[in-house]
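Novice: Sharing a structure here in structure tokens format.
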Amino acid sequence: MFGRGRKIAPYLFISPFFVGYAIFFLYPVIQSLQLSFYRQVGLTNAPRFIGFDNYIRLVSKDALFIKALSNTTYYALGSILIIVPLALLLALILHSPKLRFREFFRFLYFTPNITAGVVVGIIFGLVFEEQYGLVNNLLLAPLGIDNVRWLRDSRWIMPAVILLGVWKWTGINAIYFMVGLQNIPPELKEAARVDGATRPQVFWHVTLPLLRPILAFVLTVAIIGSYNLFAEPAILVGPEGGPNNAGMTMTMYLYNRGFRELKMGYASAIGYSLAVIILILSVIQLILIRAFRED
Amino acid sequence: MRLAILRPADSNERKSLYMKLVEATIIYAVLFFFALLVGIPFLYMFTGSFKTNGQLFSWPVNLLAPEPTMNNYERLLSGEEIPYLRQMVNSVIIAVSQSALTLLFASMVGWGFAKYEFRGKAFLTIFLLFTFAIPFQVTLVPLFQMIVRLGLLDSFLGVILPSSVSAFGAFFMRQAMVSIPGELLDAGRIDGASEWGLFWRIGIPLSRGALSILCVLVFLTAWNDYLWPLIVLRTPENFTYPIGLATLDGLYKVEYGMILGGAFIATLPIVLIFVAGRNQILDNLTIGAVKQ
């Protein structure tokens, strides 16, 4: 079917993918934008054009949307601030020469990342259980700290989800940083040492700046991952996010409105808001990384 | 290191044996501590699956299972609560088909971009890069409506098809195939091979390594996916295992041992696959990071 024609062959090779891409990605992207200007509840009802009403309602009248947005942002900031330094520390340790069992540690730290979100949510239901849970009994009790009501107190739900995120994502990010460290020529560090730099100085002025591309990658993935968060909190505290909706993320909110209440137009507007937020955050992140380069 | 010998004053070289020991102790202590933090929840999932509810929710916490019971597994696999075995088979069918389709589409489009010059190539590349950044949540509602209209609600095909066009896969395969030497293809053409023959007999075999990595990644994503299957699948007989576990979790919060058993047998195959191919996979997982 591909004949000998080198002129048409490339088009035949790329068309199955692009036909699928157009049907299952591009068309929904455009359709969703259109739908976000309509009111449509249920599958069979006729959509009614309402202009920007969905968006206006989201930002001015929908307290739950703002809640989901702030929860998700809380998670993104909290998890990134813990995961990035921790992953960097682990990478530096795992990168040190003559380390034994390096492969073992690297693989073990990575395993949470290949575990299904639903399974992680189930395990952490026990980890954060109030009376018989692992955190309260094995980590906090020896320090003399009273039981924390992780999953029942709205103030503690997001910290619990953040710790779950730290458990799941630190290992893979340590591996990313390890690759970055491997790509730094050892001569650069040696040269700095010869010039009299101390080890912390080498880290701050040689290693860290050279890790910037990896850092940008890690941050981008983390931001996108935060706004995709769905299975873990949905299992951990239920689809409504537990007490006071404290564990409700953006994607959970979209799912609830779109697929439990079948508010198609409104859910599309949530989807586009999400896209805009991720876009803005990515741009901010890129500008910040650039700014550090100018120093 | 040679430079260091020239300058014996270097603190690193003068470090006493004692300091080295202290440093090594700290390093291994930190690594071991994190290993415990990562490992104990897994251990607890495993041992918990052999416990009764009473043993699971008792004090003090016991990480082991001193009096193991198989009751959880027997009840789970007998299907009295949910058809869990069937749901795991569903997950296998969906993940395998999705991997096969993704690999086919991705390697074809990757081959087209890697080995041919054609009009619109630059535009399509940039176009793909830009649209790649659009989050999938945007597409959920219209995709769902499309699946309903096509009559694919509650079907495996409805889960598989939209997930089988992976822009990441396309870029990944293009990167892997671009280094295949053009002379090989020219030689093949002189021998009378068709363009499809070149792809199938030269392109595919020479990118076996990349294909196997992409295969594992796609399989893993499909195996662990929750949101999209949850939207499409409607009856317990058609659920994938994560939905099954979630229903079990929602309905029978008290039957935790059984839920842990289900979680364990669904996680084990994935971990085994990764143990078998760990070095190749871990080294290549980071391709995206390095290319940035």
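How things are named: the first chain in the structure tokens is A, the next is B, and so on; residues count from 1 in each chain; ligands count from 1 in the order shown.
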Taking only C-alpha atoms into account, find every residue of chain B that has an atom no more than 7 Å from chain A, and write it out as a ChimeraX atom specification.

Specialist: /B:27,35,38,41,45,57-59,61,105-106,108-109,112,116,118,134-135,137-139,141-143,162,165,194-196,224,226,242,246,263,267,286,289,292

Novice: I'd like the neighbourhood of B:Leu63 as a CSV table (one decimal) with C-alpha atoms, in the first residue's frame, where a residue qualifies if any of its atoms comes within 8 Å (using only C-alpha atoms), though same-chain residues fewer than 3 positions away should be ignored.

Specialist:
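Output file out-v7.csv follows:
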```csv
chain,number,residue,atom,x,y,z
B,40,ILE,CA,7.1,0.5,55.3
B,43,LEU,CA,5.3,-3.7,53.7
B,44,TYR,CA,2.1,-2.7,55.6
B,47,THR,CA,1.2,-7.9,55.7
```

Novice: Tell me, as a ChimeraX atom specification, which residues lie within 8 Å of A:Ser226, counting only C-alpha atoms; anything in the same chain fewer than 6 positions away does not count.

Specialist: /A:72-73,75-76

Novice: Take the residues from that selection and put them in a file with N, CA and C atoms, as a short mmCIF file (atom, residue, chain, number, x, y, z; two decimals), in the first residue's frame.

Specialist:
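Contents of part_29.cif, freshly written:
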```
data_model
loop_
_atom_site.label_atom_id
_atom_site.label_comp_id
_atom_site.auth_asym_id
_atom_site.auth_seq_id
_atom_site.Cartn_x
_atom_site.Cartn_y
_atom_site.Cartn_z
N THR A 72 -5.48 23.20 45.42
CA THR A 72 -4.52 22.66 44.46
C THR A 72 -3.23 23.46 44.49
N THR A 73 -3.37 24.78 44.62
CA THR A 73 -2.18 25.63 44.67
C THR A 73 -1.39 25.36 45.96
N TYR A 75 -1.32 22.52 47.49
CA TYR A 75 -0.63 21.26 47.25
C TYR A 75 0.61 21.48 46.38
N ALA A 76 0.45 22.24 45.30
CA ALA A 76 1.57 22.45 44.37
C ALA A 76 2.74 23.08 45.10
#
```

Novice: Skipping near chain neighbours, those fewer than 3 positions away, what residues fall within 7 Å of stretch 70-72 of chain B using only C-alpha atoms, listed as a ChimeraX atom specification?

Specialist: /B:49-50,75-76,257-258,261

Novice: Which residue is closest to A:Ile83? Choose from A:Pro185, A:Gly165, A:Trp150, A:Gln201 and count only C-alpha atoms.

Specialist: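 Residue with the minimum atom-to-atom distance to A:Ile83: A:Gly165.
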
Novice: When you draw a straight line from atom CA of B:Glu81 to atom CA of B:Leu230, how long is it in Å?

Specialist: 18.7 Å

Novice: Per DSSP on the backbone, filter stretch 64-290 of chain A down to the residues in alpha helix (DSSP H) and report them as a short mmCIF file (atom, residue, chain, number, x, y, z; two decimals) with N, CA and C atoms, in the first residue's frame.

Specialist:
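To be explicit, this is the file written out as selection-v1.cif:
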```cif
data_model
loop_
_atom_site.label_atom_id
_atom_site.label_comp_id
_atom_site.auth_asym_id
_atom_site.auth_seq_id
_atom_site.Cartn_x
_atom_site.Cartn_y
_atom_site.Cartn_z
N LEU A 64 -16.74 27.07 45.78
CA LEU A 64 -16.12 25.75 45.74
C LEU A 64 -14.98 25.70 44.71
N PHE A 65 -15.18 26.42 43.60
CA PHE A 65 -14.12 26.49 42.59
C PHE A 65 -12.88 27.17 43.16
N ILE A 66 -13.11 28.29 43.84
CA ILE A 66 -11.99 29.02 44.45
C ILE A 66 -11.30 28.13 45.48
N LYS A 67 -12.13 27.36 46.20
CA LYS A 67 -11.59 26.44 47.20
C LYS A 67 -10.70 25.38 46.53
N ALA A 68 -11.22 24.78 45.45
CA ALA A 68 -10.45 23.75 44.75
C ALA A 68 -9.15 24.35 44.19
N LEU A 69 -9.28 25.58 43.69
CA LEU A 69 -8.10 26.26 43.15
C LEU A 69 -7.06 26.49 44.25
N SER A 70 -7.53 26.97 45.41
CA SER A 70 -6.55 27.26 46.46
C SER A 70 -5.99 25.97 47.06
N ASN A 71 -6.84 24.93 47.17
CA ASN A 71 -6.33 23.63 47.64
C ASN A 71 -5.22 23.12 46.73
N THR A 72 -5.48 23.20 45.42
CA THR A 72 -4.52 22.66 44.46
C THR A 72 -3.23 23.46 44.49
N THR A 73 -3.37 24.78 44.62
CA THR A 73 -2.18 25.63 44.67
C THR A 73 -1.39 25.36 45.96
N TYR A 74 -2.12 25.16 47.04
CA TYR A 74 -1.50 24.78 48.32
C TYR A 74 -0.69 23.51 48.13
N TYR A 75 -1.32 22.52 47.49
CA TYR A 75 -0.63 21.26 47.25
C TYR A 75 0.61 21.48 46.38
N ALA A 76 0.45 22.24 45.30
CA ALA A 76 1.57 22.45 44.37
C ALA A 76 2.74 23.08 45.10
N LEU A 77 2.47 24.19 45.81
CA LEU A 77 3.55 24.90 46.51
C LEU A 77 4.18 24.02 47.58
N GLY A 78 3.31 23.44 48.42
CA GLY A 78 3.80 22.63 49.53
C GLY A 78 4.64 21.45 49.06
N SER A 79 4.12 20.72 48.07
CA SER A 79 4.85 19.53 47.65
C SER A 79 6.15 19.91 46.95
N ILE A 80 6.11 20.97 46.13
CA ILE A 80 7.34 21.35 45.42
C ILE A 80 8.41 21.81 46.41
N LEU A 81 8.00 22.60 47.42
CA LEU A 81 8.98 23.11 48.38
C LEU A 81 9.62 21.99 49.19
N ILE A 82 8.91 20.89 49.39
CA ILE A 82 9.52 19.76 50.11
C ILE A 82 10.26 18.84 49.15
N ILE A 83 9.60 18.53 48.02
CA ILE A 83 10.16 17.50 47.13
C ILE A 83 11.47 17.94 46.50
N VAL A 84 11.54 19.18 46.02
CA VAL A 84 12.73 19.59 45.25
C VAL A 84 14.01 19.55 46.10
N PRO A 85 14.04 20.18 47.29
CA PRO A 85 15.28 20.08 48.09
C PRO A 85 15.59 18.64 48.52
N LEU A 86 14.52 17.89 48.88
CA LEU A 86 14.72 16.52 49.32
C LEU A 86 15.29 15.65 48.19
N ALA A 87 14.71 15.81 47.01
CA ALA A 87 15.17 15.03 45.86
C ALA A 87 16.61 15.39 45.51
N LEU A 88 16.92 16.67 45.63
CA LEU A 88 18.28 17.12 45.33
C LEU A 88 19.27 16.52 46.34
N LEU A 89 18.87 16.53 47.60
CA LEU A 89 19.73 15.94 48.63
C LEU A 89 19.97 14.45 48.36
N LEU A 90 18.89 13.73 48.07
CA LEU A 90 19.03 12.30 47.79
C LEU A 90 19.90 12.07 46.56
N ALA A 91 19.72 12.91 45.54
CA ALA A 91 20.51 12.75 44.32
C ALA A 91 21.99 12.98 44.61
N LEU A 92 22.29 14.01 45.41
CA LEU A 92 23.69 14.28 45.75
C LEU A 92 24.30 13.10 46.50
N ILE A 93 23.53 12.54 47.43
CA ILE A 93 24.04 11.38 48.19
C ILE A 93 24.22 10.18 47.26
N LEU A 94 23.18 9.91 46.45
CA LEU A 94 23.25 8.74 45.57
C LEU A 94 24.34 8.91 44.52
N HIS A 95 24.71 10.16 44.25
CA HIS A 95 25.73 10.42 43.23
C HIS A 95 27.14 10.29 43.79
N ARG A 102 23.85 1.41 45.54
CA ARG A 102 23.27 2.55 44.86
C ARG A 102 22.02 2.15 44.06
N GLU A 103 22.15 1.06 43.28
CA GLU A 103 21.02 0.63 42.44
C GLU A 103 19.81 0.25 43.27
N PHE A 104 20.08 -0.39 44.41
CA PHE A 104 18.99 -0.81 45.27
C PHE A 104 18.20 0.41 45.78
N PHE A 105 18.93 1.39 46.32
CA PHE A 105 18.25 2.59 46.84
C PHE A 105 17.51 3.33 45.73
N ARG A 106 18.19 3.46 44.58
CA ARG A 106 17.58 4.19 43.48
C ARG A 106 16.26 3.53 43.09
N PHE A 107 16.27 2.20 43.01
CA PHE A 107 15.05 1.51 42.60
C PHE A 107 13.96 1.60 43.67
N LEU A 108 14.37 1.43 44.91
CA LEU A 108 13.38 1.47 46.00
C LEU A 108 12.69 2.85 46.06
N TYR A 109 13.49 3.91 45.97
CA TYR A 109 12.92 5.25 46.05
C TYR A 109 11.96 5.52 44.89
N PHE A 110 12.16 4.79 43.82
CA PHE A 110 11.38 5.03 42.61
C PHE A 110 10.04 4.28 42.63
N GLY A 117 -2.36 5.39 41.51
CA GLY A 117 -2.86 6.41 42.42
C GLY A 117 -3.91 5.85 43.38
N VAL A 118 -4.77 4.99 42.87
CA VAL A 118 -5.82 4.41 43.72
C VAL A 118 -5.18 3.57 44.82
N VAL A 119 -4.16 2.79 44.46
CA VAL A 119 -3.48 1.94 45.45
C VAL A 119 -2.79 2.82 46.50
N VAL A 120 -2.13 3.88 46.05
CA VAL A 120 -1.47 4.80 46.98
C VAL A 120 -2.50 5.40 47.93
N GLY A 121 -3.64 5.81 47.38
CA GLY A 121 -4.70 6.37 48.21
C GLY A 121 -5.16 5.38 49.27
N ILE A 122 -5.29 4.10 48.87
CA ILE A 122 -5.72 3.06 49.81
C ILE A 122 -4.68 2.86 50.91
N ILE A 123 -3.41 2.74 50.52
CA ILE A 123 -2.35 2.54 51.52
C ILE A 123 -2.32 3.70 52.50
N PHE A 124 -2.43 4.92 51.97
CA PHE A 124 -2.30 6.09 52.85
C PHE A 124 -3.53 6.32 53.72
N GLY A 125 -4.63 5.67 53.37
CA GLY A 125 -5.75 5.67 54.29
C GLY A 125 -5.34 5.07 55.63
N LEU A 126 -4.47 4.05 55.57
CA LEU A 126 -3.96 3.42 56.79
C LEU A 126 -2.81 4.21 57.39
N VAL A 127 -1.99 4.79 56.52
CA VAL A 127 -0.84 5.55 57.00
C VAL A 127 -1.32 6.72 57.87
N LEU A 134 0.01 4.64 60.76
CA LEU A 134 1.45 4.55 60.90
C LEU A 134 2.09 5.87 61.33
N SER A 154 -10.19 19.44 58.68
CA SER A 154 -9.98 20.09 57.38
C SER A 154 -8.61 20.77 57.30
N ARG A 155 -8.02 21.14 58.45
CA ARG A 155 -6.71 21.78 58.39
C ARG A 155 -5.60 20.80 58.05
N TRP A 156 -5.83 19.52 58.34
CA TRP A 156 -4.76 18.53 58.17
C TRP A 156 -4.87 17.70 56.90
N ILE A 157 -5.98 17.86 56.18
CA ILE A 157 -6.16 17.02 54.99
C ILE A 157 -5.12 17.34 53.92
N MET A 158 -4.97 18.63 53.61
CA MET A 158 -4.00 18.97 52.56
C MET A 158 -2.56 18.62 52.95
N PRO A 159 -2.15 18.89 54.21
CA PRO A 159 -0.82 18.41 54.60
C PRO A 159 -0.66 16.90 54.39
N ALA A 160 -1.72 16.14 54.68
CA ALA A 160 -1.64 14.69 54.47
C ALA A 160 -1.45 14.37 52.98
N VAL A 161 -2.23 15.07 52.14
CA VAL A 161 -2.10 14.83 50.70
C VAL A 161 -0.71 15.25 50.21
N ILE A 162 -0.19 16.34 50.77
CA ILE A 162 1.16 16.80 50.38
C ILE A 162 2.19 15.73 50.76
N LEU A 163 2.07 15.17 51.97
CA LEU A 163 3.03 14.13 52.38
C LEU A 163 2.92 12.90 51.48
N LEU A 164 1.69 12.57 51.10
CA LEU A 164 1.50 11.49 50.14
C LEU A 164 2.24 11.81 48.83
N GLY A 165 2.09 13.06 48.38
CA GLY A 165 2.78 13.49 47.16
C GLY A 165 4.29 13.40 47.31
N VAL A 166 4.79 13.79 48.48
CA VAL A 166 6.23 13.71 48.73
C VAL A 166 6.69 12.25 48.63
N TRP A 167 5.92 11.36 49.24
CA TRP A 167 6.25 9.94 49.21
C TRP A 167 6.28 9.42 47.76
N LYS A 168 5.31 9.87 46.98
CA LYS A 168 5.19 9.31 45.63
C LYS A 168 6.21 9.91 44.65
N TRP A 169 6.55 11.19 44.79
CA TRP A 169 7.29 11.87 43.73
C TRP A 169 8.74 12.18 44.02
N THR A 170 9.18 12.08 45.27
CA THR A 170 10.56 12.46 45.57
C THR A 170 11.57 11.57 44.82
N GLY A 171 11.32 10.27 44.81
CA GLY A 171 12.27 9.34 44.20
C GLY A 171 12.52 9.61 42.74
N ILE A 172 11.45 9.77 41.97
CA ILE A 172 11.64 9.98 40.52
C ILE A 172 12.37 11.30 40.28
N ASN A 173 12.07 12.32 41.11
CA ASN A 173 12.77 13.59 40.92
C ASN A 173 14.24 13.49 41.31
N ALA A 174 14.54 12.65 42.32
CA ALA A 174 15.94 12.41 42.66
C ALA A 174 16.66 11.79 41.46
N ILE A 175 15.97 10.90 40.75
CA ILE A 175 16.58 10.27 39.57
C ILE A 175 16.83 11.31 38.48
N TYR A 176 15.86 12.21 38.30
CA TYR A 176 16.08 13.29 37.32
C TYR A 176 17.33 14.11 37.69
N PHE A 177 17.43 14.48 38.98
CA PHE A 177 18.59 15.27 39.41
C PHE A 177 19.89 14.48 39.25
N MET A 178 19.83 13.16 39.48
CA MET A 178 21.03 12.34 39.31
C MET A 178 21.53 12.41 37.88
N VAL A 179 20.59 12.38 36.93
CA VAL A 179 21.00 12.49 35.52
C VAL A 179 21.68 13.84 35.30
N GLY A 180 21.09 14.89 35.89
CA GLY A 180 21.68 16.21 35.76
C GLY A 180 23.09 16.25 36.33
N LEU A 181 23.28 15.61 37.49
CA LEU A 181 24.60 15.60 38.12
C LEU A 181 25.61 14.82 37.26
N GLN A 182 25.13 13.73 36.66
CA GLN A 182 26.04 12.95 35.82
C GLN A 182 26.51 13.73 34.60
N PRO A 186 33.15 16.51 35.59
CA PRO A 186 33.84 16.55 36.89
C PRO A 186 34.98 17.56 36.90
N GLU A 187 35.55 17.84 35.71
CA GLU A 187 36.67 18.79 35.65
C GLU A 187 36.26 20.16 36.19
N LEU A 188 34.99 20.54 35.93
CA LEU A 188 34.52 21.86 36.37
C LEU A 188 34.60 21.98 37.89
N LYS A 189 34.14 20.93 38.58
CA LYS A 189 34.17 20.96 40.03
C LYS A 189 35.61 20.93 40.54
N GLU A 190 36.41 20.09 39.90
CA GLU A 190 37.80 19.98 40.34
C GLU A 190 38.52 21.31 40.18
N ALA A 191 38.25 21.96 39.05
CA ALA A 191 38.90 23.25 38.80
C ALA A 191 38.54 24.25 39.89
N ALA A 192 37.24 24.25 40.27
CA ALA A 192 36.81 25.18 41.31
C ALA A 192 37.47 24.85 42.65
N ARG A 193 37.62 23.55 42.90
CA ARG A 193 38.25 23.14 44.15
C ARG A 193 39.72 23.57 44.18
N VAL A 194 40.36 23.40 43.03
CA VAL A 194 41.77 23.79 42.95
C VAL A 194 41.93 25.29 43.20
N ARG A 199 33.49 23.07 49.55
CA ARG A 199 32.46 22.22 48.96
C ARG A 199 31.09 22.92 48.84
N PRO A 200 30.63 23.63 49.89
CA PRO A 200 29.37 24.36 49.72
C PRO A 200 29.44 25.40 48.60
N GLN A 201 30.60 26.05 48.47
CA GLN A 201 30.75 27.05 47.40
C GLN A 201 30.64 26.38 46.03
N VAL A 202 31.29 25.23 45.89
CA VAL A 202 31.21 24.51 44.61
C VAL A 202 29.75 24.18 44.32
N LEU A 208 24.73 23.83 41.27
CA LEU A 208 23.34 24.28 41.21
C LEU A 208 23.01 25.02 39.91
N PRO A 209 23.84 26.00 39.49
CA PRO A 209 23.52 26.67 38.23
C PRO A 209 23.47 25.70 37.04
N LEU A 210 24.31 24.68 37.07
CA LEU A 210 24.33 23.74 35.95
C LEU A 210 23.13 22.79 35.97
N ARG A 212 20.17 23.88 36.36
CA ARG A 212 18.98 24.68 36.05
C ARG A 212 18.04 24.04 35.01
N PRO A 213 18.57 23.48 33.92
CA PRO A 213 17.65 22.88 32.96
C PRO A 213 16.82 21.75 33.57
N ILE A 214 17.47 20.93 34.40
CA ILE A 214 16.75 19.83 35.05
C ILE A 214 15.73 20.39 36.02
N LEU A 215 16.11 21.45 36.73
CA LEU A 215 15.20 22.08 37.67
C LEU A 215 13.95 22.58 36.95
N ALA A 216 14.16 23.20 35.78
CA ALA A 216 13.03 23.69 35.00
C ALA A 216 12.11 22.53 34.62
N PHE A 217 12.71 21.44 34.22
CA PHE A 217 11.92 20.26 33.84
C PHE A 217 11.14 19.72 35.03
N VAL A 218 11.83 19.59 36.16
CA VAL A 218 11.20 19.06 37.37
C VAL A 218 10.02 19.94 37.79
N LEU A 219 10.22 21.26 37.75
CA LEU A 219 9.15 22.18 38.17
C LEU A 219 7.96 22.09 37.22
N THR A 220 8.24 22.04 35.92
CA THR A 220 7.14 21.95 34.95
C THR A 220 6.31 20.70 35.20
N VAL A 221 7.00 19.57 35.33
CA VAL A 221 6.29 18.31 35.56
C VAL A 221 5.50 18.37 36.87
N ALA A 222 6.11 18.99 37.90
CA ALA A 222 5.44 19.06 39.20
C ALA A 222 4.19 19.93 39.14
N ILE A 223 4.27 21.05 38.43
CA ILE A 223 3.11 21.93 38.33
C ILE A 223 1.97 21.22 37.60
N ILE A 224 2.30 20.61 36.46
CA ILE A 224 1.26 19.91 35.70
C ILE A 224 0.69 18.76 36.54
N GLY A 225 1.58 18.03 37.20
CA GLY A 225 1.15 16.91 38.03
C GLY A 225 0.21 17.35 39.15
N SER A 226 0.50 18.51 39.74
CA SER A 226 -0.35 19.01 40.83
C SER A 226 -1.76 19.26 40.35
N TYR A 227 -1.88 19.86 39.18
CA TYR A 227 -3.22 20.18 38.71
C TYR A 227 -3.92 18.96 38.13
N ASN A 228 -3.18 17.87 37.89
CA ASN A 228 -3.79 16.61 37.46
C ASN A 228 -4.23 15.74 38.63
N ALA A 231 -6.79 10.82 41.62
CA ALA A 231 -7.10 9.53 42.24
C ALA A 231 -6.75 9.51 43.73
N GLU A 232 -5.57 9.99 44.09
CA GLU A 232 -5.12 9.85 45.48
C GLU A 232 -6.06 10.56 46.46
N PRO A 233 -6.33 11.87 46.29
CA PRO A 233 -7.24 12.50 47.25
C PRO A 233 -8.66 11.96 47.16
N ALA A 234 -9.10 11.58 45.94
CA ALA A 234 -10.47 11.07 45.81
C ALA A 234 -10.63 9.79 46.63
N ILE A 235 -9.60 8.95 46.68
CA ILE A 235 -9.68 7.72 47.46
C ILE A 235 -9.47 8.02 48.94
N LEU A 236 -8.52 8.91 49.22
CA LEU A 236 -8.13 9.18 50.60
C LEU A 236 -9.27 9.83 51.39
N VAL A 237 -9.91 10.84 50.82
CA VAL A 237 -10.93 11.57 51.57
C VAL A 237 -12.29 11.62 50.87
N MET A 250 -8.64 20.63 41.73
CA MET A 250 -9.26 21.17 40.51
C MET A 250 -9.83 20.06 39.64
N THR A 251 -9.03 18.99 39.44
CA THR A 251 -9.49 17.92 38.56
C THR A 251 -10.67 17.18 39.19
N MET A 252 -10.66 17.03 40.52
CA MET A 252 -11.81 16.43 41.20
C MET A 252 -13.05 17.29 41.00
N TYR A 253 -12.85 18.61 41.10
CA TYR A 253 -13.99 19.52 40.94
C TYR A 253 -14.56 19.43 39.53
N LEU A 254 -13.67 19.38 38.54
CA LEU A 254 -14.12 19.24 37.15
C LEU A 254 -14.89 17.94 36.99
N TYR A 255 -14.36 16.87 37.57
CA TYR A 255 -15.03 15.56 37.46
C TYR A 255 -16.41 15.61 38.11
N MET A 264 -22.12 20.05 31.51
CA MET A 264 -21.10 19.94 30.47
C MET A 264 -20.44 21.27 30.15
N GLY A 265 -21.26 22.31 30.01
CA GLY A 265 -20.70 23.62 29.67
C GLY A 265 -19.82 24.14 30.79
N TYR A 266 -20.33 24.01 32.00
CA TYR A 266 -19.61 24.53 33.16
C TYR A 266 -18.28 23.80 33.34
N ALA A 267 -18.30 22.46 33.18
CA ALA A 267 -17.08 21.67 33.33
C ALA A 267 -16.06 22.06 32.25
N SER A 268 -16.55 22.38 31.05
CA SER A 268 -15.63 22.81 30.00
C SER A 268 -14.94 24.11 30.39
N ALA A 269 -15.72 25.00 30.99
CA ALA A 269 -15.13 26.27 31.45
C ALA A 269 -14.08 26.01 32.54
N ILE A 270 -14.35 25.04 33.40
CA ILE A 270 -13.36 24.68 34.42
C ILE A 270 -12.08 24.16 33.75
N GLY A 271 -12.27 23.30 32.73
CA GLY A 271 -11.12 22.76 31.99
C GLY A 271 -10.27 23.86 31.39
N TYR A 272 -10.94 24.85 30.77
CA TYR A 272 -10.16 25.93 30.16
C TYR A 272 -9.50 26.83 31.21
N SER A 273 -10.17 27.03 32.33
CA SER A 273 -9.53 27.81 33.40
C SER A 273 -8.26 27.11 33.86
N LEU A 274 -8.37 25.79 33.98
CA LEU A 274 -7.22 24.98 34.39
C LEU A 274 -6.07 25.15 33.39
N ALA A 275 -6.41 25.10 32.11
CA ALA A 275 -5.37 25.25 31.07
C ALA A 275 -4.69 26.60 31.19
N VAL A 276 -5.50 27.66 31.40
CA VAL A 276 -4.94 29.01 31.49
C VAL A 276 -4.03 29.12 32.71
N ILE A 277 -4.48 28.54 33.84
CA ILE A 277 -3.67 28.61 35.07
C ILE A 277 -2.33 27.89 34.87
N ILE A 278 -2.37 26.69 34.28
CA ILE A 278 -1.13 25.94 34.05
C ILE A 278 -0.21 26.73 33.12
N LEU A 279 -0.81 27.35 32.09
CA LEU A 279 -0.01 28.15 31.16
C LEU A 279 0.67 29.30 31.88
N ILE A 280 -0.10 30.04 32.71
CA ILE A 280 0.46 31.18 33.44
C ILE A 280 1.59 30.73 34.36
N LEU A 281 1.33 29.64 35.11
CA LEU A 281 2.35 29.15 36.04
C LEU A 281 3.61 28.72 35.30
N SER A 282 3.45 28.07 34.16
CA SER A 282 4.62 27.63 33.40
C SER A 282 5.44 28.82 32.94
N VAL A 283 4.74 29.88 32.49
CA VAL A 283 5.44 31.07 32.02
C VAL A 283 6.19 31.73 33.19
N ILE A 284 5.50 31.87 34.34
CA ILE A 284 6.14 32.46 35.52
C ILE A 284 7.39 31.68 35.88
N GLN A 285 7.25 30.36 35.88
CA GLN A 285 8.35 29.48 36.24
C GLN A 285 9.53 29.67 35.29
N LEU A 286 9.23 29.77 33.99
CA LEU A 286 10.30 29.97 33.01
C LEU A 286 11.00 31.31 33.23
N ILE A 287 10.19 32.36 33.52
CA ILE A 287 10.78 33.69 33.75
C ILE A 287 11.68 33.66 34.97
N LEU A 288 11.22 33.00 36.05
CA LEU A 288 12.03 32.92 37.26
C LEU A 288 13.36 32.23 36.99
N ILE A 289 13.30 31.11 36.28
CA ILE A 289 14.53 30.36 35.98
C ILE A 289 15.47 31.23 35.14
N ARG A 290 14.89 32.00 34.20
CA ARG A 290 15.69 32.92 33.39
C ARG A 290 16.36 33.97 34.26
#
```

Novice: When you draw a straight line from atom CA of B:Phe172 to atom CA of B:Arg201, how long is it in Å?

Specialist: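 These atoms are spaced 19.7 Å apart.
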
Novice: In Å, how far is it from atom CA of B:Gly203 to atom CA of B:Leu101?

Specialist: 17.1 Å

Novice: Taking 3 positions as the minimum chain separation for residues in the same chain, which residues sit within 7 Å of B:Leu245 when counting only C-alpha atoms? Answer as a count of residues only.

Specialist: 6
